[in-house]
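S.K.: The structure file protein-v7.cif (mmCIF, C-alpha atoms and all ligand atoms) is provided below.
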data_work
#
loop_
_atom_site.label_atom_id
_atom_site.label_comp_id
_atom_site.auth_asym_id
_atom_site.auth_seq_id
_atom_site.Cartn_x
_atom_site.Cartn_y
_atom_site.Cartn_z
CA MET A 1 0.00 0.00 0.00
CA LYS A 2 1.45 3.34 -1.04
CA ARG A 3 0.71 6.08 1.45
CA ARG A 4 0.70 9.62 0.10
CA PRO A 5 3.38 11.71 1.82
CA LEU A 6 2.23 14.65 3.91
CA ILE A 7 4.24 17.65 5.03
CA ALA A 8 2.50 19.75 7.65
CA GLY A 9 3.85 23.03 8.96
CA ASN A 10 2.95 23.88 12.53
CA TRP A 11 3.50 27.59 12.87
CA LYS A 12 2.80 27.56 16.62
CA MET A 13 2.46 31.15 17.93
CA TYR A 14 4.52 32.83 15.23
CA LYS A 15 3.83 35.35 12.45
CA THR A 16 1.55 38.35 12.03
CA LYS A 17 -1.28 38.58 9.53
CA ASP A 18 0.96 40.15 6.87
CA ASP A 19 3.61 37.45 7.32
CA ALA A 20 0.97 34.74 7.06
CA LEU A 21 -0.48 36.17 3.86
CA ALA A 22 2.94 36.71 2.31
CA PHE A 23 3.75 33.08 3.04
CA ILE A 24 0.62 31.68 1.43
CA TYR A 25 1.12 33.80 -1.70
CA ALA A 26 4.72 32.64 -1.91
CA VAL A 27 3.97 28.93 -1.70
CA ASN A 28 0.60 28.61 -3.47
CA GLN A 29 1.89 28.27 -6.99
CA GLU A 30 5.06 26.48 -6.02
CA VAL A 31 3.96 23.44 -4.01
CA PRO A 32 3.73 20.15 -5.91
CA ASP A 33 0.42 18.61 -6.94
CA LYS A 34 -1.54 17.43 -3.89
CA GLU A 35 -1.98 14.02 -5.52
CA LEU A 36 1.78 13.58 -5.12
CA VAL A 37 2.38 15.23 -1.75
CA GLU A 38 -0.09 16.78 0.66
CA SER A 39 1.02 20.22 1.89
CA VAL A 40 -0.67 21.55 4.99
CA ILE A 41 -0.16 24.71 7.04
CA CYS A 42 -1.45 24.62 10.61
CA ALA A 43 -1.78 28.26 11.58
CA PRO A 44 -2.90 30.25 14.62
CA ALA A 45 -6.70 30.34 14.69
CA ILE A 46 -6.92 34.05 13.98
CA PHE A 47 -5.29 33.57 10.55
CA LEU A 48 -7.36 30.60 9.44
CA ARG A 49 -10.11 32.49 7.66
CA ASP A 50 -7.71 34.60 5.59
CA LEU A 51 -5.51 31.63 4.78
CA VAL A 52 -8.37 29.38 3.67
CA LYS A 53 -9.63 32.16 1.40
CA ARG A 54 -6.23 32.41 -0.24
CA GLU A 55 -5.09 28.79 -0.22
CA GLY A 56 -4.21 27.45 -3.65
CA GLU A 57 -5.27 24.16 -5.21
CA ASN A 58 -2.47 22.25 -3.54
CA VAL A 59 -2.18 23.76 -0.06
CA ARG A 60 -4.56 22.90 2.74
CA ILE A 61 -5.05 24.77 6.00
CA GLY A 62 -5.21 23.29 9.48
CA ALA A 63 -5.80 24.53 13.02
CA GLN A 64 -3.47 23.84 15.94
CA ASN A 65 -6.17 22.94 18.46
CA MET A 66 -9.93 22.76 18.92
CA HIS A 67 -12.47 21.95 21.63
CA TYR A 68 -14.17 18.55 21.67
CA ALA A 69 -17.69 19.79 22.44
CA ALA A 70 -20.06 20.66 19.60
CA GLU A 71 -20.91 23.94 21.35
CA GLY A 72 -21.28 25.31 24.85
CA ALA A 73 -20.12 27.76 27.48
CA TYR A 74 -16.38 27.38 26.82
CA THR A 75 -15.04 30.92 26.64
CA GLY A 76 -12.18 31.31 24.21
CA GLU A 77 -12.60 27.91 22.58
CA ILE A 78 -13.32 26.87 19.00
CA SER A 79 -15.31 23.79 17.94
CA ALA A 80 -14.71 21.39 15.08
CA GLY A 81 -17.94 22.61 13.49
CA MET A 82 -16.68 26.20 13.58
CA LEU A 83 -13.42 25.17 11.91
CA LYS A 84 -15.35 23.23 9.28
CA SER A 85 -17.62 26.20 8.57
CA TYR A 86 -14.51 28.14 7.56
CA GLY A 87 -13.17 25.38 5.33
CA VAL A 88 -10.40 24.18 7.63
CA ASP A 89 -9.39 20.63 6.68
CA TYR A 90 -6.89 19.55 9.36
CA VAL A 91 -6.35 20.02 13.06
CA VAL A 92 -3.35 19.21 15.25
CA ILE A 93 -4.49 17.36 18.36
CA GLY A 94 -2.54 16.53 21.50
CA HIS A 95 0.61 18.44 20.64
CA SER A 96 3.08 18.04 23.52
CA GLU A 97 3.05 21.81 24.09
CA ARG A 98 -0.69 21.65 24.68
CA ARG A 99 -0.25 18.62 26.92
CA GLN A 100 2.48 20.42 28.87
CA TYR A 101 1.09 23.97 29.15
CA PHE A 102 -2.66 23.72 28.57
CA GLY A 103 -3.81 20.61 30.35
CA GLU A 104 -4.38 18.42 27.30
CA THR A 105 -4.75 14.77 28.36
CA ASP A 106 -5.07 11.44 26.59
CA GLU A 107 -8.78 11.64 27.35
CA THR A 108 -9.31 15.05 25.73
CA VAL A 109 -7.17 13.95 22.78
CA ASN A 110 -9.55 11.02 22.31
CA LEU A 111 -12.64 13.24 22.48
CA LYS A 112 -11.12 15.76 20.08
CA LEU A 113 -10.12 13.05 17.61
CA ILE A 114 -13.70 11.79 17.50
CA ALA A 115 -15.14 15.33 17.23
CA ALA A 116 -12.79 16.22 14.36
CA VAL A 117 -13.52 13.10 12.34
CA ASN A 118 -17.26 13.63 12.85
CA GLN A 119 -16.86 17.02 11.15
CA ASP A 120 -14.76 15.56 8.36
CA ILE A 121 -11.63 17.34 9.58
CA THR A 122 -8.45 15.26 9.53
CA PRO A 123 -6.91 15.13 12.99
CA ILE A 124 -3.11 15.01 13.20
CA VAL A 125 -2.82 13.13 16.47
CA CYS A 126 0.46 13.82 18.29
CA VAL A 127 2.22 11.39 20.59
CA GLY A 128 5.77 11.27 21.89
CA GLU A 129 7.92 10.63 24.93
CA PRO A 130 10.04 12.89 27.14
CA LEU A 131 13.81 12.40 27.37
CA GLU A 132 13.68 10.40 30.65
CA ILE A 133 11.46 7.83 29.00
CA ARG A 134 13.71 7.54 25.93
CA GLU A 135 16.70 7.12 28.22
CA ALA A 136 14.91 4.56 30.38
CA GLY A 137 14.16 2.53 27.26
CA THR A 138 10.39 2.58 27.76
CA THR A 139 9.41 4.70 24.76
CA ASN A 140 7.34 1.96 23.16
CA THR A 141 5.26 1.39 26.28
CA VAL A 142 4.50 5.10 26.68
CA VAL A 143 3.70 5.72 23.03
CA ARG A 144 1.61 2.54 22.82
CA LYS A 145 -0.57 3.77 25.72
CA GLN A 146 -0.95 7.21 24.14
CA ILE A 147 -2.17 5.64 20.89
CA GLU A 148 -4.51 3.18 22.60
CA LYS A 149 -6.10 5.98 24.62
CA ALA A 150 -6.34 8.35 21.65
CA TYR A 151 -8.18 5.71 19.58
CA LEU A 152 -10.53 4.49 22.33
CA ASN A 153 -14.02 3.92 20.83
CA VAL A 154 -12.79 4.97 17.39
CA THR A 155 -13.99 2.68 14.60
CA ALA A 156 -11.66 1.33 11.90
CA GLN A 157 -13.48 3.44 9.34
CA ASP A 158 -12.79 6.59 11.37
CA ALA A 159 -9.21 5.59 12.19
CA LEU A 160 -8.57 5.64 8.44
CA LYS A 161 -9.46 9.34 8.44
CA THR A 162 -6.71 10.21 10.92
CA VAL A 163 -3.00 10.98 10.72
CA VAL A 164 -0.57 10.27 13.55
CA ALA A 165 2.48 12.40 14.32
CA TYR A 166 5.27 10.91 16.40
CA GLU A 167 7.04 13.83 18.06
CA PRO A 168 9.58 12.91 20.73
CA ILE A 169 9.47 15.82 23.18
CA TRP A 170 13.26 15.95 23.46
CA ALA A 171 13.51 16.61 19.74
CA ILE A 172 11.00 19.48 19.54
CA GLY A 173 12.61 22.85 19.02
CA THR A 174 15.93 21.57 20.34
CA GLY A 175 17.86 21.01 17.12
CA VAL A 176 18.31 17.40 18.26
CA THR A 177 16.50 15.25 15.73
CA ALA A 178 15.71 11.61 16.37
CA THR A 179 17.86 9.54 14.04
CA PRO A 180 15.93 8.14 11.08
CA GLU A 181 16.32 4.68 12.68
CA GLN A 182 14.97 5.81 16.08
CA ALA A 183 12.03 7.62 14.52
CA ASN A 184 11.23 4.78 12.14
CA GLU A 185 11.41 2.15 14.88
CA THR A 186 8.92 3.98 17.07
CA ILE A 187 6.68 4.63 14.10
CA ILE A 188 6.73 0.92 13.25
CA GLU A 189 5.66 0.28 16.83
CA ILE A 190 2.78 2.77 16.42
CA ARG A 191 1.74 0.94 13.27
CA ARG A 192 1.80 -2.34 15.24
CA VAL A 193 -0.56 -0.86 17.82
CA LEU A 194 -2.91 0.29 15.06
CA GLU A 195 -2.68 -3.19 13.52
CA LYS A 196 -3.66 -4.75 16.84
CA LEU A 197 -6.62 -2.39 17.11
CA TYR A 198 -7.79 -2.37 13.50
CA GLY A 199 -6.00 -5.06 11.52
CA HIS A 200 -3.30 -4.94 8.91
CA ASP A 201 -5.10 -3.09 6.13
CA VAL A 202 -6.03 -0.10 8.26
CA ALA A 203 -2.60 0.09 9.92
CA ASP A 204 -1.00 -0.04 6.51
CA GLN A 205 -3.01 2.94 5.26
CA VAL A 206 -2.79 5.38 8.17
CA ARG A 207 -0.11 8.00 7.62
CA ILE A 208 2.38 8.45 10.44
CA LEU A 209 4.55 11.56 10.43
CA TYR A 210 7.71 12.33 12.33
CA GLY A 211 8.14 15.70 14.05
CA GLY A 212 11.00 17.23 16.03
CA SER A 213 13.68 19.48 14.56
CA VAL A 214 12.97 18.42 10.99
CA ASN A 215 14.81 20.71 8.59
CA THR A 216 15.89 20.94 4.96
CA LYS A 217 19.08 19.02 5.74
CA ASN A 218 17.69 16.02 7.59
CA VAL A 219 14.32 15.59 5.90
CA GLU A 220 15.49 13.30 3.11
CA ALA A 221 17.09 10.75 5.41
CA LEU A 222 13.98 10.69 7.60
CA LEU A 223 11.71 10.20 4.61
CA ALA A 224 13.95 7.50 3.15
CA THR A 225 12.84 5.11 5.92
CA SER A 226 10.14 2.45 5.49
CA ASP A 227 7.42 3.86 7.70
CA ILE A 228 7.84 7.63 8.06
CA ASP A 229 5.19 9.07 5.75
CA GLY A 230 5.96 12.74 6.16
CA ALA A 231 6.77 15.39 8.71
CA LEU A 232 5.15 17.77 11.16
CA VAL A 233 7.46 20.74 11.15
CA GLY A 234 7.72 23.73 13.45
CA GLY A 235 10.64 26.11 12.96
CA ALA A 236 11.55 25.03 9.43
CA SER A 237 7.98 25.59 8.21
CA LEU A 238 8.02 29.33 8.88
CA ASP A 239 10.05 30.33 5.85
CA PRO A 240 8.35 29.72 2.48
CA ASN A 241 11.52 28.48 0.76
CA SER A 242 12.33 26.12 3.58
CA PHE A 243 8.77 24.77 3.58
CA LEU A 244 8.89 24.27 -0.19
CA THR A 245 12.19 22.40 0.09
CA LEU A 246 10.62 20.05 2.63
CA VAL A 247 7.58 19.43 0.47
CA ARG A 248 9.70 18.81 -2.61
CA ALA A 249 11.86 16.35 -0.67
CA ALA A 250 8.71 14.33 -0.05
CA LEU A 251 8.26 13.90 -3.81
CA ASN A 252 11.04 11.31 -3.70
CA LYS A 253 9.23 9.27 -1.07
P1 LIG B 301 10.32 21.97 15.52
O1 LIG B 301 10.26 21.49 14.07
O2 LIG B 301 10.49 23.43 15.62
O3 LIG B 301 11.24 21.15 16.33
O4 LIG B 301 8.83 21.69 16.10
C1 LIG B 301 8.29 20.43 15.94
C2 LIG B 301 6.86 20.49 16.31
O5 LIG B 301 6.53 20.61 17.48
C3 LIG B 301 5.87 20.41 15.25
O6 LIG B 301 4.60 20.24 15.77
#
Output the file's structure as structure tokens, nothing else.

M.R.:
Amino acid sequence: MKRRPLIAGNWKMYKTKDDALAFIYAVNQEVPDKELVESVICAPAIFLRDLVKREGENVRIGAQNMHYAAEGAYTGEISAGMLKSYGVDYVVIGHSERRQYFGETDETVNLKLIAAVNQDITPIVCVGEPLEIREAGTTNTVVRKQIEKAYLNVTAQDALKTVVAYEPIWAIGTGVTATPEQANETIIEIRRVLEKLYGHDVADQVRILYGGSVNTKNVEALLATSDIDGALVGGASLDPNSFLTLVRAALNK
């Protein structure tokens, strides 16, 4: 089964409106055909409307978070239905920064995954271990639990509509990338968990990205592995040329 590569930029809390618009104009005509590589920009919520309006044929826009409830008294929050009504196609869920600073848990990740899929938004479900766990040699156990909890009560049909991102916390924003072997090994383990939950065919189709200090220099080696289907990129997604280099590297996948 050939899985279509996906490069997703996660801008985090960077850029102003003008920067965001300049970026989308710069990349629109340049990114490869979406049938070959999917290019996604996950932007701060305030930019989403403008970016969706200006996205080209081959770039898709994602949010960085959402609430799991359909609606309600949740001041400051945004629902999946609201994102959908603006034409947002992806949403990052369970990013380690949200787990660390904003109280995201495996349980809310699960609820958000289900809410996103119900609105036909593709969740990019993030998992990953801190340095102590990597050093203790228990990465697989921790990541396995994160995946099992994220996919609780999720049907095989819905699991197919999701993307996983393996982002070891020690590699995020540190300049220390997991080696292609380390990243691929953990991603193979994630695929095994999905296989146990949903069978071989589903596990073989779900895209699993690597994230954590991906840049224009290391992307090719990461993508040359058997099971890494793309990248979730922070810092190196902020510059249009850098983002385009990453997306073009995925053409060789
Ligand atoms: P960096 O690429 O800046 O390490 O960030 C990775 C990340 O957290 C993407 O979601």

S.K.: Find the residues of chain A that sit at most 7 Å from ligand LIG 301 (chain B); for each, write down the nearest two atoms and how far apart they are in Å, to one decimal. Count all atoms listed in the file. Sort by chain, then by number going up, and give it as JSON lines.

M.R.:
{"residue": "A:Asn10", "atom": "CA", "partner": "B:LIG301", "partner_atom": "O6", "distance": 5.1}
{"residue": "A:His95", "atom": "CA", "partner": "B:LIG301", "partner_atom": "O6", "distance": 6.5}
{"residue": "A:Glu167", "atom": "CA", "partner": "B:LIG301", "partner_atom": "O5", "distance": 6.8}
{"residue": "A:Ala171", "atom": "CA", "partner": "B:LIG301", "partner_atom": "O3", "distance": 6.1}
{"residue": "A:Ile172", "atom": "CA", "partner": "B:LIG301", "partner_atom": "O3", "distance": 3.6}
{"residue": "A:Gly173", "atom": "CA", "partner": "B:LIG301", "partner_atom": "O3", "distance": 3.5}
{"residue": "A:Thr174", "atom": "CA", "partner": "B:LIG301", "partner_atom": "O3", "distance": 6.2}
{"residue": "A:Gly175", "atom": "CA", "partner": "B:LIG301", "partner_atom": "O3", "distance": 6.7}
{"residue": "A:Gly211", "atom": "CA", "partner": "B:LIG301", "partner_atom": "C1", "distance": 5.1}
{"residue": "A:Gly212", "atom": "CA", "partner": "B:LIG301", "partner_atom": "O3", "distance": 3.9}
{"residue": "A:Ser213", "atom": "CA", "partner": "B:LIG301", "partner_atom": "O3", "distance": 3.4}
{"residue": "A:Val214", "atom": "CA", "partner": "B:LIG301", "partner_atom": "O1", "distance": 5.1}
{"residue": "A:Leu232", "atom": "CA", "partner": "B:LIG301", "partner_atom": "C3", "distance": 4.9}
{"residue": "A:Val233", "atom": "CA", "partner": "B:LIG301", "partner_atom": "O1", "distance": 4.1}
{"residue": "A:Gly234", "atom": "CA", "partner": "B:LIG301", "partner_atom": "O1", "distance": 3.4}
{"residue": "A:Gly235", "atom": "CA", "partner": "B:LIG301", "partner_atom": "O2", "distance": 3.8}
{"residue": "A:Ala236", "atom": "CA", "partner": "B:LIG301", "partner_atom": "O1", "distance": 6.0}

S.K.: For atom CA of Val37 of chain A and atom CA of Ile187 of chain A, quote the distance in Å rounded to one decimal.

M.R.: 19.5 Å

S.K.: Find the residue from A:Ile46, A:Ala183, A:Leu160, A:Ala150 that sits nearest to Gly94 of chain A; use only C-alpha atoms when measuring.

M.R.: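 For Gly94 of chain A, the nearest of the candidates is A:Ala150.
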
S.K.: Would you kindly return, as a PyMOL selection string, each protein, DNA or RNA residue with an atom no farther than 8 Å from any atom of Asp227 of chain A, considering all atoms listed in the file and excluding same-chain residues fewer than 3 positions away?

M.R.: chain A and resi 184+187-188+208

S.K.: Please compute the atom CA of Thr162 of chain A-atom CA of Val206 of chain A distance, one decimal, in Å.

M.R.: 6.8 Å
